[in-house]
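One structure below.
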Amino acid sequence: MTFSAPIPRHAVPDLALPLTGGTSWRLADETAENFTLLVFYRGWHCPVCRSQLQELQNKLDQFDALGVSVVAISTDPKDRADAMVAEYGFDRLRIAYDLTLQKAQVWGLFISTSRGLTSIGVEESVRFNEPGHFLVRADGTLYFSSVQSMPFARPHLDDLLSGIRFVLDKDYPARGEVVD
């Protein structure tokens, strides 16, 4: 398999996935004023993901005020995505599922294999993506990305929100665009 990753100021790959609740989502159809934030999470088994997604749902109004739409994405199948929503009451956060491992790698995400039960007693999926955060401009180009090979050390959402405020106030350009 070829490992690649989106490049700032360049078009990102299209992505279309089902959402919990019976609808679907497609990146190209997003209508956010400024950005779409894609939060790739490890899955229902991950206690760190659960905390992050709870915080994310609590901050949706702040992202919305900045013209940022948000979607959380995993390789989980429907039953595990539905379990995440039911267990944590995600009534506003869009949860997309069935991301293929191949598509995860196109986005530059790391892939891990199961190590059994997690600290919360949930079996890890056989294979799943590690975390990644992508801020995509309304024109479909990448502005920001942060990809982890471990479940910890993710961007703090308050830092991300203050960074977006700065970017919008100063018209700060995306960085990391050189591909020599």
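Letters for chains follow the order of the structure tokens (A, B, ...), residue numbers begin at 1 for each chain, and ligand numbers begin at 1 in the order shown.
Selecting helix (DSSP H, G or I) from the backbone DSSP output for region 81-156 of chain A yields A:Ala81, A:Asp82, A:Ala83, A:Met84, A:Val85, A:Ala86, A:Glu87, A:Tyr88, A:Leu101, A:Gln102, A:Lys103, A:Ala104, A:Gln105, A:Val106.
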Put those residues in a file: C-alpha atoms, as an mmCIF file, in the first residue's frame.
```cif
data_model
loop_
_atom_site.group_PDB
_atom_site.id
_atom_site.type_symbol
_atom_site.label_atom_id
_atom_site.label_comp_id
_atom_site.auth_asym_id
_atom_site.auth_seq_id
_atom_site.Cartn_x
_atom_site.Cartn_y
_atom_site.Cartn_z
ATOM 1 C CA ALA A 81 -20.554 3.873 16.082
ATOM 2 C CA ASP A 82 -24.152 3.551 17.281
ATOM 3 C CA ALA A 83 -22.892 2.246 20.632
ATOM 4 C CA MET A 84 -20.645 5.309 20.991
ATOM 5 C CA VAL A 85 -23.566 7.642 20.315
ATOM 6 C CA ALA A 86 -25.940 5.780 22.640
ATOM 7 C CA GLU A 87 -23.471 5.469 25.487
ATOM 8 C CA TYR A 88 -22.345 9.105 25.403
ATOM 9 C CA LEU A 101 -8.218 1.426 6.110
ATOM 10 C CA GLN A 102 -7.150 2.310 2.569
ATOM 11 C CA LYS A 103 -8.954 5.666 2.729
ATOM 12 C CA ALA A 104 -7.474 6.286 6.185
ATOM 13 C CA GLN A 105 -4.005 5.835 4.707
ATOM 14 C CA VAL A 106 -4.825 8.200 1.831
#
```
Backbone DSSP call of strand (DSSP E) for region 9-177 of chain A, listed as a PyMOL selection string
chain A and resi 16-18+24-26+35-40+68-73+94-96+111-113+127-129+132-137+142-147
If we count only C-alpha atoms and set the cut-off at 9 Å, which residues sit around Glu123 (chain A), ignoring sequence neighbours fewer than 4 positions away in its own chain? Please answer as a VMD selection string.
chain A and resid 45 114 to 118
Find the spatial neighbours of Thr141 (chain A), counting only C-alpha atoms, within a cut-off of 7 Å - ignore same-chain residues fewer than 6 positions away - and output them as a PyMOL selection string.
chain A and resi 8-12
One decimal place gives the CA of Tyr97 (chain A)-CA of Ser74 (chain A) separation as 5.1 Å
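Between Gly21 (chain A) and the residues A:Glu33, A:Asp91, A:Glu130, A:Asp139, the shortest atom-to-atom distance, using only C-alpha atoms, involves A:Asp91.
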Selection: 7 Å around region 151-168 of chain A, only C-alpha atoms, excl. self and same-chain fewer than 3 positions, as a ChimeraX atom specification
/A:48,63,130-131,171-172
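The neighbours of Gln54 (chain A) here are the residues that come within 10 Å of it, using only C-alpha atoms and leaving out any residue fewer than 5 positions away in the same chain; they are Cys49, Lys59, Tyr88, Gly89, Phe90 and Leu93 of chain A.
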Pull C-alpha atoms from the residues just selected and write them as a short mmCIF file (atom, residue, chain, number, x, y, z; two decimals), in the first residue's frame.
```
data_model
loop_
_atom_site.label_atom_id
_atom_site.label_comp_id
_atom_site.auth_asym_id
_atom_site.auth_seq_id
_atom_site.Cartn_x
_atom_site.Cartn_y
_atom_site.Cartn_z
CA CYS A 49 -11.47 9.30 22.08
CA LYS A 59 -17.62 23.12 22.03
CA TYR A 88 -22.35 9.10 25.40
CA GLY A 89 -25.45 10.87 24.12
CA PHE A 90 -23.86 12.51 21.10
CA LEU A 93 -21.86 15.79 17.02
#
```
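Using only C-alpha atoms, the shortest contact distance between Tyr41 (chain A) and any of A:Arg127, A:His133, A:Arg175, A:Lys170 is found at A:His133.
Minimum distance to Gly108 (chain A) across A:Ser145, A:Gln52, A:Ser125, A:Thr75 (counting only C-alpha atoms) occurs at A:Ser145.
Reported to one decimal place, the separation of CA of Tyr143 (chain A) from CA of Ile95 (chain A) is 21.8 Å.
The smallest atom-to-atom distance between Pro47 (chain A) and any of A:Met150, A:Val178, A:Ala96, A:Val122, using only C-alpha atoms, is found for A:Val122.
Among the candidate residues A:Leu27, A:Leu19, A:Ala32, A:Leu37, the one lying nearest to Asp76 (chain A) is A:Leu19, with distances computed using only C-alpha atoms.
For the choices A:Ala28, A:Leu60, A:Ile111, A:Ile7, the atom-to-atom distance to Gly140 (chain A) is smallest for A:Ala28 when using only C-alpha atoms.
Interatomic distance, CA of Leu66 (chain A) against CA of Val136 (chain A): 13.5 Å.
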